[in-house]
$ cat coords_35.tsv   # TSV, C-alpha atoms
chain	number	residue	atom	x	y	z
F	1	MET	CA	-0.26	-17.17	-1.69
F	2	ASP	CA	2.78	-15.15	-2.76
F	3	LEU	CA	4.74	-12.88	-0.47
F	4	LEU	CA	3.53	-9.52	-1.83
F	5	ARG	CA	-0.11	-10.58	-1.68
F	6	ARG	CA	0.33	-11.69	1.94
F	7	PHE	CA	2.04	-8.39	2.74
F	8	ALA	CA	-0.81	-6.44	1.14
F	9	LEU	CA	-3.17	-8.30	3.47
F	10	GLY	CA	-1.08	-7.12	6.43
F	11	GLU	CA	0.61	-10.40	7.39
F	12	ILE	CA	3.49	-9.54	9.69
F	13	ASP	CA	5.55	-12.62	8.69
F	14	ALA	CA	5.43	-11.57	5.05
F	15	PHE	CA	6.45	-8.05	6.05
F	16	GLU	CA	9.39	-9.38	8.06
F	17	THR	CA	10.60	-11.33	5.02
F	18	LEU	CA	10.33	-8.18	2.88
F	19	VAL	CA	12.19	-6.10	5.49
F	20	ARG	CA	15.06	-8.56	5.56
F	21	GLN	CA	15.12	-8.66	1.78
F	22	PHE	CA	14.94	-4.90	1.11
F	23	GLN	CA	16.30	-3.10	4.18
F	24	GLY	CA	19.81	-2.94	2.69
F	25	ASP	CA	18.57	-1.42	-0.58
F	26	ILE	CA	16.36	1.11	1.18
F	27	TYR	CA	19.20	2.12	3.51
F	28	ALA	CA	21.63	2.44	0.60
F	29	TRP	CA	19.20	4.68	-1.26
F	30	ILE	CA	18.58	6.91	1.77
F	31	VAL	CA	22.23	7.20	2.81
F	32	ARG	CA	23.13	8.32	-0.70
F	33	ILE	CA	20.70	11.19	-0.29
F	34	VAL	CA	21.25	12.25	3.34
F	35	ARG	CA	24.93	11.17	3.47
F	36	ASP	CA	24.83	10.38	7.19
F	37	PRO	CA	24.70	6.72	8.35
F	38	GLY	CA	22.93	7.46	11.66
F	39	ILE	CA	20.21	9.58	10.09
F	40	ALA	CA	19.89	7.07	7.24
F	41	GLU	CA	19.26	4.21	9.70
F	42	ASP	CA	16.55	6.19	11.50
F	43	LEU	CA	14.92	7.12	8.21
F	44	THR	CA	15.09	3.51	7.03
F	45	VAL	CA	13.25	2.33	10.15
F	46	GLU	CA	10.68	5.11	9.64
F	47	THR	CA	10.33	4.13	5.97
F	48	LEU	CA	9.76	0.46	6.83
F	49	TRP	CA	7.20	1.43	9.45
F	50	ARG	CA	5.34	3.62	6.94
F	51	ILE	CA	5.51	0.84	4.38
F	52	TYR	CA	3.73	-1.48	6.80
F	53	ARG	CA	1.14	1.14	7.65
F	54	ALA	CA	0.48	1.64	3.93
F	55	HIS	CA	0.22	-2.10	3.14
F	56	GLN	CA	-3.39	-1.76	2.00
F	57	GLN	CA	-2.36	0.78	-0.64
F	58	PHE	CA	0.22	-1.56	-2.17
F	59	ARG	CA	-0.85	-3.36	-5.34
F	60	PRO	CA	0.53	-6.91	-5.15
F	61	ASP	CA	0.92	-7.07	-8.93
F	62	GLY	CA	3.27	-4.06	-8.73
F	63	ASP	CA	6.94	-3.84	-7.93
F	64	PHE	CA	7.87	-3.49	-4.26
F	65	ALA	CA	11.33	-1.87	-4.58
F	66	PRO	CA	10.33	1.31	-6.51
F	67	TRP	CA	7.32	1.78	-4.22
F	68	ALA	CA	9.55	1.50	-1.15
F	69	ARG	CA	12.11	3.86	-2.71
F	70	ARG	CA	9.44	6.48	-3.28
F	71	ILE	CA	8.37	6.37	0.37
F	72	ALA	CA	12.04	6.56	1.41
F	73	THR	CA	12.71	9.54	-0.89
F	74	ASN	CA	9.71	11.45	0.46
F	75	LEU	CA	10.98	10.90	3.98
F	76	ALA	CA	14.47	12.06	3.02
F	77	LEU	CA	12.96	15.19	1.44
F	78	ASP	CA	10.94	15.86	4.61
F	79	HIS	CA	14.12	15.42	6.61
F	80	PHE	CA	15.93	18.05	4.52
F	81	ARG	CA	13.01	20.46	4.81
F	82	ARG	CA	12.93	20.04	8.60
F	83	LYS	CA	16.65	20.14	9.27
F	84	ARG	CA	17.99	22.72	6.89
F	85	PRO	CA	20.16	24.70	6.99
F	86	GLU	CA	21.85	23.11	10.02
F	87	GLN	CA	22.08	19.74	8.24
F	88	SER	CA	25.69	19.01	7.44
F	89	LEU	CA	26.90	16.95	4.56
F	90	LEU	CA	30.13	16.45	6.43
F	91	ALA	CA	28.65	14.39	9.25
F	92	GLU	CA	30.56	11.20	9.98
F	93	PRO	CA	32.08	10.39	6.62
F	94	VAL	CA	33.12	6.77	6.34
F	95	GLY	CA	36.88	6.80	6.22
F	96	ALA	CA	38.93	9.85	5.41
F	97	PRO	CA	38.22	11.50	2.08
F	98	PRO	CA	40.91	10.90	-0.51
F	99	PRO	CA	43.70	13.48	-0.47
F	100	ASP	CA	42.92	16.16	-2.93
F	101	HIS	CA	45.64	18.59	-3.82
F	102	LEU	CA	43.68	20.28	-6.55
F	103	LEU	CA	40.83	21.46	-4.42
F	104	GLN	CA	41.54	23.47	-1.31
F	105	GLN	CA	39.64	22.72	1.90
F	106	GLU	CA	38.13	26.18	1.86
F	107	THR	CA	36.83	25.73	-1.65
F	108	ARG	CA	35.35	22.37	-0.71
F	109	GLU	CA	33.56	23.91	2.25
F	110	LYS	CA	32.18	26.69	0.09
F	111	ILE	CA	30.88	24.20	-2.44
F	112	GLN	CA	29.25	22.15	0.34
F	113	GLN	CA	27.77	25.32	1.79
F	114	ALA	CA	26.33	26.31	-1.58
F	115	PHE	CA	25.00	22.77	-2.09
F	116	ARG	CA	23.27	22.75	1.31
F	117	ARG	CA	21.50	25.98	0.42
F	118	LEU	CA	19.79	24.43	-2.59
F	119	PRO	CA	16.05	23.81	-2.22
F	120	ALA	CA	15.46	20.25	-0.91
F	121	LYS	CA	13.99	18.94	-4.18
F	122	LEU	CA	16.90	20.26	-6.24
F	123	GLN	CA	19.47	19.02	-3.75
F	124	VAL	CA	18.05	15.48	-3.76
F	125	ALA	CA	17.86	15.36	-7.57
F	126	ALA	CA	21.39	16.75	-7.92
F	127	THR	CA	22.84	14.37	-5.32
F	128	LEU	CA	21.34	11.30	-6.95
F	129	ALA	CA	22.05	12.35	-10.53
F	130	LEU	CA	25.40	14.16	-10.33
F	131	VAL	CA	27.15	12.71	-7.30
F	132	GLU	CA	25.72	9.18	-7.11
F	133	GLU	CA	25.11	8.87	-10.86
F	134	GLN	CA	21.85	6.97	-10.44
F	135	PRO	CA	19.81	6.39	-13.61
F	136	TYR	CA	17.39	9.26	-14.32
F	137	ASP	CA	14.40	6.96	-14.67
F	138	GLU	CA	15.04	5.52	-11.20
F	139	ILE	CA	15.35	9.00	-9.73
F	140	ALA	CA	12.15	10.07	-11.48
F	141	ASP	CA	10.34	7.04	-10.13
F	142	ALA	CA	11.57	7.67	-6.60
F	143	LEU	CA	10.57	11.33	-6.74
F	144	GLY	CA	7.21	10.52	-8.30
F	145	THR	CA	7.89	12.68	-11.32
F	146	SER	CA	9.03	12.45	-14.96
F	147	VAL	CA	12.58	12.07	-16.28
F	148	GLY	CA	12.20	15.51	-17.89
F	149	ALA	CA	11.30	17.06	-14.53
F	150	VAL	CA	14.36	15.46	-12.91
F	151	LYS	CA	16.61	16.81	-15.68
F	152	LEU	CA	15.09	20.24	-15.16
F	153	ARG	CA	15.73	20.06	-11.41
F	154	VAL	CA	19.35	19.04	-12.00
F	155	PHE	CA	19.74	21.85	-14.54
F	156	ARG	CA	18.31	24.37	-12.08
F	157	ALA	CA	20.52	23.02	-9.28
F	158	VAL	CA	23.64	23.41	-11.45
F	159	ARG	CA	22.63	26.91	-12.50
F	160	ILE	CA	22.02	28.01	-8.89
F	161	LEU	CA	25.27	26.40	-7.74
F	162	ARG	CA	27.23	28.09	-10.50
F	163	LYS	CA	25.72	31.45	-9.54
F	164	GLN	CA	26.36	30.96	-5.83
F	165	LEU	CA	29.93	29.80	-6.38
F	166	ASN	CA	30.60	32.80	-8.62
F	167	HIS	CA	29.18	34.98	-5.87
F	168	LEU	CA	31.46	33.31	-3.30
F	169	GLY	CA	34.40	33.77	-5.64
F	170	VAL	CA	34.92	30.04	-6.13
F	171	LYS	CA	36.01	28.62	-9.44
F	172	PRO	CA	34.89	24.98	-9.50
M	1	MET	CA	26.67	28.57	-34.39
M	2	LYS	CA	26.52	30.78	-31.30
M	3	GLY	CA	23.84	28.55	-29.78
M	4	HIS	CA	26.03	25.51	-30.37
M	5	GLU	CA	29.00	27.18	-28.63
M	6	GLY	CA	26.75	28.22	-25.75
M	7	LYS	CA	25.52	24.66	-25.36
M	8	GLU	CA	29.07	23.33	-25.32
M	9	MET	CA	30.03	25.90	-22.71
M	10	ASN	CA	27.07	24.90	-20.56
M	11	GLU	CA	28.02	21.24	-20.83
M	12	HIS	CA	31.58	22.14	-19.85
M	13	ASP	CA	30.29	24.11	-16.83
M	14	ASP	CA	28.01	21.22	-15.85
M	15	ARG	CA	30.93	18.82	-15.97
M	16	GLN	CA	32.96	21.19	-13.81
M	17	ILE	CA	30.19	21.50	-11.23
M	18	ARG	CA	29.68	17.72	-11.23
M	19	GLU	CA	33.38	17.08	-10.65
M	20	ALA	CA	33.58	19.78	-7.97
M	21	LEU	CA	30.61	18.26	-6.14
M	22	LYS	CA	32.10	14.78	-6.28
M	23	ARG	CA	35.35	16.06	-4.85
M	24	SER	CA	33.63	18.10	-2.15
M	25	LEU	CA	31.12	15.60	-0.81
M	26	PRO	CA	32.74	12.87	1.28
M	27	PRO	CA	32.33	9.31	0.01
M	28	ILE	CA	29.76	7.24	1.86
M	29	ASN	CA	29.53	3.58	2.70
M	30	ALA	CA	26.12	2.40	1.50
M	31	GLU	CA	26.33	-0.95	3.32
M	32	LEU	CA	23.84	-1.41	6.13
M	33	GLY	CA	25.74	-2.45	9.26
M	34	ARG	CA	22.96	-4.11	11.25
M	35	ASP	CA	19.56	-5.74	11.01
M	36	LEU	CA	16.84	-3.10	11.42
M	37	TRP	CA	13.94	-5.55	11.90
M	38	PRO	CA	14.02	-5.37	15.75
M	39	ALA	CA	13.82	-1.56	15.58
M	40	VAL	CA	10.95	-1.73	13.07
M	41	LEU	CA	9.11	-4.22	15.28
M	42	ARG	CA	9.56	-1.98	18.33
M	43	LYS	CA	8.18	0.95	16.38
M	44	LEU	CA	5.21	-1.11	15.24
M	45	ASP	CA	4.51	-2.17	18.84
M	46	ASN	CA	4.70	1.43	20.05
M	47	ARG	CA	1.85	2.53	17.85
M	48	PRO	CA	-0.42	4.83	19.84
M	49	ALA	CA	-3.68	3.10	20.75
M	50	ARG	CA	-6.46	4.29	18.46
M	51	VAL	CA	-9.89	4.93	19.87
M	52	PRO	CA	-12.51	3.40	17.54
M	53	TRP	CA	-15.26	5.64	16.19
M	54	TYR	CA	-18.02	3.87	18.14
M	55	ASP	CA	-16.28	4.70	21.43
M	56	TRP	CA	-16.29	8.38	20.44
M	57	ALA	CA	-19.98	8.05	19.55
M	58	LEU	CA	-20.73	6.49	22.94
M	59	ILE	CA	-18.82	9.24	24.78
M	60	SER	CA	-20.73	11.92	22.83
M	61	LEU	CA	-24.07	10.23	23.58
M	62	CYS	CA	-23.30	9.98	27.30
M	63	THR	CA	-22.17	13.64	27.46
M	64	SER	CA	-25.34	14.78	25.70
M	65	VAL	CA	-27.57	12.72	28.03
M	66	PHE	CA	-25.83	14.10	31.12
M	67	LEU	CA	-26.12	17.66	29.79
M	68	PHE	CA	-29.87	17.39	29.20
M	69	PHE	CA	-30.66	15.18	32.21
M	70	PRO	CA	-28.05	16.02	34.89
M	71	GLN	CA	-30.00	14.07	37.53
M	72	LEU	CA	-28.99	10.87	35.70
M	73	ILE	CA	-25.39	11.47	36.81
M	74	LEU	CA	-26.44	10.39	40.33
M	75	VAL	CA	-28.13	7.24	38.96
M	76	PHE	CA	-25.06	6.53	36.88
M	77	ALA	CA	-22.71	7.10	39.84
M	78	TYR	CA	-24.86	4.80	42.03
M	79	HIS	CA	-24.45	1.97	39.53
M	80	LEU	CA	-20.68	2.39	39.23
$ encode --input "coords_35.tsv" --output "structure tokens"
Amino acid sequence: MDLLRRFALGEIDAFETLVRQFQGDIYAWIVRIVRDPGIAEDLTVETLWRIYRAHQQFRPDGDFAPWARRIATNLALDHFRRKRPEQSLLAEPVGAPPPDHLLQQETREKIQQAFRRLPAKLQVAATLALVEEQPYDEIADALGTSVGAVKLRVFRAVRILRKQLNHLGVKP
Amino acid sequence: MKGHEGKEMNEHDDRQIREALKRSLPPINAELGRDLWPAVLRKLDNRPARVPWYDWALISLCTSVFLFFPQLILVFAYHL
């Protein structure tokens, strides 16, 4: 019997194989959204746990990676909804950011501040589409929505950001 | 014509916002540093014990019997 079918039946060995195969991808997806390695690890463990609990809902003829990404994205969204606005996008960056003479530190902070204030759904869509440049169809799949809806969310995020930055007197 | 100019301006603004965001958000390392399987396994083992429905049914039945026939509590206690 193939791996996905065994997983759908709840076999722990099959699940372990899937964890080892996909944990890196799931972590990479989550860390791109939450931008904090520690939080991303915790959310990855939580995602994998939920994946196992939902094994009966998985269709073995389907694709595992997009299904896992959707669970991960929902958890990341929940995390933003719970933690905001204290959540910082500055937490533990890996390595120092590249020197940037064009953009002042104060401006950067104001942009981050404005970004953090976006509604969770818009922030996630904007992070994945604008900052991480992930394909729109992948983002749509992970958010459980259409490509058009993702584009709309990104458009709304940009519009709100532009308004907030104007209000803060920041010229991007 | 005006609509076309407006669209171009919007695209220009979008590009500006995109670039500003990229410059403002610190780069992240998307590589996972350790194996998470042990942590997942621990979490799976720590699942709270679930009480099956028939246990709840038995508890309800016993409570009802003791409510209607309190003297049976003594019989029950004697057999414990």
$ atom_distance --input "coords_35.tsv" --atom1 "atom CA of F:Leu4" --atom2 "atom CA of M:Glu31"
24.9 Å
$ residues_around --input "coords_35.tsv" --residues "F:Glu11" --least-positions-apart "3" --cutoff "12 Å" --atoms "all atoms listed in the file" --output "PyMOL selection string"
chain F and resi 1-8+14-18+52-53+55-56
$ closest_residue --input "coords_35.tsv" --among "F:Ser146, F:Gln23, F:Gln57, F:Gln134" --to "chain M" --atoms "only C-alpha atoms"
F:Gln23
$ atom_distance --input "coords_35.tsv" --atom1 "atom CA of F:Ile139" --atom2 "atom CA of F:Gln112"
21.6 Å
$ closest_atom_pairs --input "coords_35.tsv" --of "chain M" --to "chain F" --cutoff "8 Å" --atoms "all atoms listed in the file" --output "JSON lines"
{"residue": "M:Asp14", "atom": "CA", "partner": "F:Val158", "partner_atom": "CA", "distance": 6.6}
{"residue": "M:Gln16", "atom": "CA", "partner": "F:Pro172", "partner_atom": "CA", "distance": 6.1}
{"residue": "M:Ile17", "atom": "CA", "partner": "F:Pro172", "partner_atom": "CA", "distance": 6.1}
{"residue": "M:Arg18", "atom": "CA", "partner": "F:Leu130", "partner_atom": "CA", "distance": 5.6}
{"residue": "M:Ala20", "atom": "CA", "partner": "F:Pro172", "partner_atom": "CA", "distance": 5.6}
{"residue": "M:Leu21", "atom": "CA", "partner": "F:Val131", "partner_atom": "CA", "distance": 6.6}
{"residue": "M:Lys22", "atom": "CA", "partner": "F:Val131", "partner_atom": "CA", "distance": 5.5}
{"residue": "M:Arg23", "atom": "CA", "partner": "F:Arg108", "partner_atom": "CA", "distance": 7.5}
{"residue": "M:Ser24", "atom": "CA", "partner": "F:Arg108", "partner_atom": "CA", "distance": 4.8}
{"residue": "M:Leu25", "atom": "CA", "partner": "F:Gln112", "partner_atom": "CA", "distance": 6.9}
{"residue": "M:Pro26", "atom": "CA", "partner": "F:Pro97", "partner_atom": "CA", "distance": 5.7}
{"residue": "M:Pro27", "atom": "CA", "partner": "F:Pro97", "partner_atom": "CA", "distance": 6.6}
{"residue": "M:Ile28", "atom": "CA", "partner": "F:Val94", "partner_atom": "CA", "distance": 5.6}
{"residue": "M:Asn29", "atom": "CA", "partner": "F:Val94", "partner_atom": "CA", "distance": 6.0}
{"residue": "M:Ala30", "atom": "CA", "partner": "F:Ala28", "partner_atom": "CA", "distance": 4.6}
{"residue": "M:Glu31", "atom": "CA", "partner": "F:Ala28", "partner_atom": "CA", "distance": 6.4}
{"residue": "M:Leu32", "atom": "CA", "partner": "F:Gly24", "partner_atom": "CA", "distance": 5.5}
{"residue": "M:Asp35", "atom": "CA", "partner": "F:Arg20", "partner_atom": "CA", "distance": 7.6}
{"residue": "M:Leu36", "atom": "CA", "partner": "F:Val45", "partner_atom": "CA", "distance": 6.6}
{"residue": "M:Trp37", "atom": "CA", "partner": "F:Val19", "partner_atom": "CA", "distance": 6.7}
{"residue": "M:Ala39", "atom": "CA", "partner": "F:Val45", "partner_atom": "CA", "distance": 6.7}
{"residue": "M:Val40", "atom": "CA", "partner": "F:Val45", "partner_atom": "CA", "distance": 5.5}
{"residue": "M:Lys43", "atom": "CA", "partner": "F:Trp49", "partner_atom": "CA", "distance": 7.0}
{"residue": "M:Leu44", "atom": "CA", "partner": "F:Trp49", "partner_atom": "CA", "distance": 6.6}
$ axis_aligned_box --input "coords_35.tsv" --around "stretch 17-25 of chain M" --padding-each-side "3 Å" --output "AutoDock Vina command-line options"
--center_x 32.5 --center_y 18.1 --center_z -6.0 --size_x 11.7 --size_y 12.7 --size_z 16.4
$ closest_residue --input "coords_35.tsv" --among "F:Ile33, F:Asp137, F:Leu143, F:Ala149" --to "F:Arg116" --atoms "all atoms listed in the file"
F:Ile33
$ atom_distance --input "coords_35.tsv" --atom1 "atom CA of F:Phe80" --atom2 "atom CA of F:Arg153"
16.1 Å
$ decode --input "coords_35.tsv" --residues "stretch 8-90 of chain F" --atoms "C-alpha atoms" --output "CSV table (one decimal), in the first residue's frame"
chain,number,residue,atom,x,y,z
F,8,ALA,CA,-4.9,8.2,5.7
F,9,LEU,CA,-5.5,5.0,7.7
F,10,GLY,CA,-3.6,6.5,10.6
F,11,GLU,CA,-0.3,4.4,10.4
F,12,ILE,CA,2.2,6.2,12.6
F,13,ASP,CA,5.2,4.9,10.5
F,14,ALA,CA,3.8,6.4,7.4
F,15,PHE,CA,3.2,9.7,9.2
F,16,GLU,CA,6.8,9.7,10.4
F,17,THR,CA,8.0,9.3,6.8
F,18,LEU,CA,5.8,12.2,5.7
F,19,VAL,CA,7.0,14.4,8.6
F,20,ARG,CA,10.6,13.8,7.6
F,21,GLN,CA,9.8,14.4,4.0
F,22,PHE,CA,7.8,17.6,4.4
F,23,GLN,CA,8.8,19.2,7.7
F,24,GLY,CA,11.3,21.5,5.9
F,25,ASP,CA,8.8,22.7,3.3
F,26,ILE,CA,6.1,23.3,6.0
F,27,TYR,CA,8.6,25.2,8.2
F,28,ALA,CA,9.8,27.3,5.2
F,29,TRP,CA,6.3,28.2,4.3
F,30,ILE,CA,5.4,29.2,7.9
F,31,VAL,CA,8.6,31.2,8.6
F,32,ARG,CA,8.0,33.2,5.4
F,33,ILE,CA,4.7,34.3,6.9
F,34,VAL,CA,5.5,34.8,10.6
F,35,ARG,CA,9.2,35.8,10.0
F,36,ASP,CA,10.3,34.4,13.3
F,37,PRO,CA,12.2,31.0,13.5
F,38,GLY,CA,11.2,30.1,17.0
F,39,ILE,CA,7.5,30.8,16.4
F,40,ALA,CA,7.7,29.1,13.0
F,41,GLU,CA,9.1,25.9,14.6
F,42,ASP,CA,6.3,25.8,17.2
F,43,LEU,CA,3.7,26.3,14.5
F,44,THR,CA,5.3,23.6,12.4
F,45,VAL,CA,5.0,21.1,15.2
F,46,GLU,CA,1.4,22.2,15.8
F,47,THR,CA,0.7,21.9,12.0
F,48,LEU,CA,2.2,18.4,11.9
F,49,TRP,CA,0.1,17.4,15.0
F,50,ARG,CA,-3.1,18.7,13.4
F,51,ILE,CA,-2.2,16.9,10.1
F,52,TYR,CA,-2.1,13.6,12.0
F,53,ARG,CA,-5.3,14.3,13.8
F,54,ALA,CA,-7.0,15.1,10.5
F,55,HIS,CA,-5.6,12.0,8.7
F,56,GLN,CA,-9.1,10.6,8.1
F,57,GLN,CA,-10.0,13.7,6.2
F,58,PHE,CA,-7.1,13.4,3.8
F,59,ARG,CA,-7.9,11.9,0.4
F,60,PRO,CA,-5.0,9.6,-0.6
F,61,ASP,CA,-5.5,10.4,-4.3
F,62,GLY,CA,-4.9,14.1,-3.5
F,63,ASP,CA,-1.7,16.0,-3.1
F,64,PHE,CA,-0.2,16.1,0.4
F,65,ALA,CA,1.9,19.3,0.2
F,66,PRO,CA,-0.9,21.8,-0.7
F,67,TRP,CA,-3.1,20.2,2.0
F,68,ALA,CA,-0.4,20.6,4.6
F,69,ARG,CA,0.3,24.2,3.5
F,70,ARG,CA,-3.3,25.1,4.0
F,71,ILE,CA,-3.3,23.8,7.5
F,72,ALA,CA,-0.1,25.6,8.2
F,73,THR,CA,-1.4,28.9,6.7
F,74,ASN,CA,-4.6,28.7,8.9
F,75,LEU,CA,-2.4,28.2,11.9
F,76,ALA,CA,-0.2,31.2,11.0
F,77,LEU,CA,-3.4,33.3,10.5
F,78,ASP,CA,-4.7,32.3,13.9
F,79,HIS,CA,-1.3,33.2,15.4
F,80,PHE,CA,-1.5,36.7,13.9
F,81,ARG,CA,-5.0,37.1,15.1
F,82,ARG,CA,-4.0,36.1,18.7
F,83,LYS,CA,-0.7,37.9,18.9
F,84,ARG,CA,-1.4,41.2,17.2
F,85,PRO,CA,-0.5,44.0,17.6
F,86,GLU,CA,2.5,43.0,19.9
F,87,GLN,CA,3.8,40.6,17.2
F,88,SER,CA,7.0,42.0,15.9
F,89,LEU,CA,8.4,41.4,12.4
F,90,LEU,CA,11.8,42.3,13.7
